[in-house]
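Engineer: Can you keep this structure in mind? I'll have questions shortly.
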Amino acid sequence: MAEEKASAGLSLHDLAPAPGSHRERKRVGRGPGSGKGKTSGRGQKGQKSRSGSHRMRPGFEGGQMPLYMRLGKLRGPNNRTSMPMGPFRTHTSPVNVGALERFDAGTEVTPELLANARLVRGRGTPVKILGDGELTKKLTVHAHGFSKRAIEVIEAAGGTVVRLGPVQEEQQAPKPARRASRKPADSASDDAPETEAAAGEPDDSANDKDEDATDDASKE
């Protein structure tokens, strides 16, 4: 019987995941007999029992003063040099010297070369070389930062360390200048006929004064 089954080959109904690789989904709120009924494993009351309580923003401590606000800050304006935390925290792409062994001797290792080799992500983040691993090839390594051991390993292999300046942020292209509005010119042209008409009309106030003077003279 076993020989016939073996000769028949493997069928779809014989396929199964490897033992221990699949775990059944935990079904909650399905009665007390399941062990996860009623409160569904969240306990009674409290913030963690409410819906949406597990999607709180990072650093939120329930309303009390969070740690990043309790700590002292460096003096000066809020920039990367005075307060390297929160949105101003500096990030680097670490690369160990052991990963540089893949390059040929005499190669100039630059951040662009590391990005092409998929050792770092993107080219807008500073690169720092760390000292994990061994290096036996003479390389000229260009990076924004080096650990003390990384410098020792690179120079012991006959290589050279070249520090790069800070990463230059991409400058946004200037917005095109808006075209001058024609409203002022139109308003000036509209006002011109009025002034001309006013200049052509006689001055009624002067005539009224003359009439008043003649009336006074006749009364006298």
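Starting from 1 in every chain, residues are counted up; chains themselves are A, B, ... following the order of the structure tokens, and ligands are numbered from 1 as listed.
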For Val120 (chain A), please output as a PyMOL selection string all residues within 10 Å (counting only C-alpha atoms; exclusion window: fewer than 4 positions along the same chain).
Structural biologist: chain A and resi 92-95+111-116+125-127
Engineer: Could you save the residues just selected, with N, CA and C atoms, as a short mmCIF file (atom, residue, chain, number, x, y, z; two decimals), in the first residue's frame?
Structural biologist:
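Saved result, again.cif, follows:
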```
data_model
loop_
_atom_site.label_atom_id
_atom_site.label_comp_id
_atom_site.auth_asym_id
_atom_site.auth_seq_id
_atom_site.Cartn_x
_atom_site.Cartn_y
_atom_site.Cartn_z
N THR A 92 22.89 59.23 10.34
CA THR A 92 23.98 58.81 9.48
C THR A 92 23.72 57.40 8.98
N SER A 93 24.30 57.08 7.85
CA SER A 93 24.21 55.72 7.29
C SER A 93 25.49 54.98 7.67
N PRO A 94 25.41 53.98 8.57
CA PRO A 94 26.62 53.30 9.00
C PRO A 94 27.07 52.24 7.99
N VAL A 95 28.38 52.15 7.80
CA VAL A 95 28.99 51.12 6.95
C VAL A 95 30.22 50.60 7.69
N PRO A 111 30.71 57.96 -1.21
CA PRO A 111 29.30 57.67 -0.90
C PRO A 111 28.50 57.24 -2.12
N GLU A 112 28.82 57.80 -3.30
CA GLU A 112 28.12 57.39 -4.51
C GLU A 112 28.40 55.93 -4.84
N LEU A 113 29.67 55.50 -4.65
CA LEU A 113 30.02 54.11 -4.90
C LEU A 113 29.34 53.18 -3.90
N LEU A 114 29.24 53.62 -2.65
CA LEU A 114 28.55 52.81 -1.64
C LEU A 114 27.06 52.69 -1.95
N ALA A 115 26.47 53.77 -2.48
CA ALA A 115 25.06 53.71 -2.84
C ALA A 115 24.82 52.79 -4.02
N ASN A 116 25.75 52.80 -5.00
CA ASN A 116 25.61 51.90 -6.14
C ASN A 116 25.78 50.44 -5.73
N THR A 125 22.00 61.28 2.99
CA THR A 125 22.32 61.08 4.40
C THR A 125 23.84 60.93 4.56
N PRO A 126 24.44 61.57 5.55
CA PRO A 126 25.88 61.41 5.76
C PRO A 126 26.26 59.95 6.03
N VAL A 127 27.43 59.58 5.57
CA VAL A 127 27.93 58.20 5.72
C VAL A 127 29.00 58.18 6.79
#
```
Engineer: Any chance you could list, as a ChimeraX atom specification, the residues in region 34-166 of chain A that come up alpha helix (DSSP H) when DSSP is run on the backbone?
Structural biologist: /A:67-70,111-116,148-156
Engineer: Pick out the closest residue to His91 (chain A) from this set: A:Tyr68, A:Gly37, A:Gly46, A:Gly124. Count only C-alpha atoms.
Structural biologist: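 Among A:Tyr68, A:Gly37, A:Gly46, A:Gly124, it is A:Gly124 that comes nearest to His91 (chain A).
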Engineer: By how many Å are CA of Gly59 (chain A) and CA of Gln47 (chain A) apart?
Structural biologist: 15.8 Å
Engineer: May I ask for the distance between CA of Gly106 (chain A) and CA of Lys138 (chain A), given in Å to one decimal place?
Structural biologist: 5.6 Å
Engineer: Can you pull out every residue within 9 Å of region 149-158 of chain A, counting only C-alpha atoms, but drop anything in the same chain fewer than 2 positions away, and send it as a list in words?
Structural biologist: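 Here the qualifying residues turn out to be Asn96, Val97, Ile129, Leu130, Gly131, Asp132, Gly133, Glu134, Leu135, Thr136, Lys137, Lys138, Leu139, Thr140, Val141, Phe146, Ser147, Thr160 and Val161 of chain A.
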Engineer: Those residues you just picked out, can you put them in a file as an mmCIF file, in the first residue's frame with C-alpha atoms?
Structural biologist:
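Contents of out.cif, freshly written:
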```cif
data_model
loop_
_atom_site.group_PDB
_atom_site.id
_atom_site.type_symbol
_atom_site.label_atom_id
_atom_site.label_comp_id
_atom_site.auth_asym_id
_atom_site.auth_seq_id
_atom_site.Cartn_x
_atom_site.Cartn_y
_atom_site.Cartn_z
ATOM 1 C CA ASN A 96 31.441 48.713 8.602
ATOM 2 C CA VAL A 97 34.975 48.353 7.296
ATOM 3 C CA ILE A 129 32.438 54.215 8.617
ATOM 4 C CA LEU A 130 32.450 51.924 11.664
ATOM 5 C CA GLY A 131 35.151 49.498 12.748
ATOM 6 C CA ASP A 132 33.420 46.113 12.730
ATOM 7 C CA GLY A 133 35.208 43.548 10.592
ATOM 8 C CA GLU A 134 38.636 43.293 9.006
ATOM 9 C CA LEU A 135 40.131 44.993 5.951
ATOM 10 C CA THR A 136 43.161 43.749 4.020
ATOM 11 C CA LYS A 137 43.053 46.008 0.936
ATOM 12 C CA LYS A 138 44.488 49.473 0.442
ATOM 13 C CA LEU A 139 41.572 51.817 -0.117
ATOM 14 C CA THR A 140 40.976 55.557 -0.126
ATOM 15 C CA VAL A 141 37.726 55.973 1.785
ATOM 16 C CA PHE A 146 34.827 57.633 10.944
ATOM 17 C CA SER A 147 35.012 55.790 14.232
ATOM 18 C CA THR A 160 43.727 56.671 3.488
ATOM 19 C CA VAL A 161 40.855 58.386 5.268
#
```
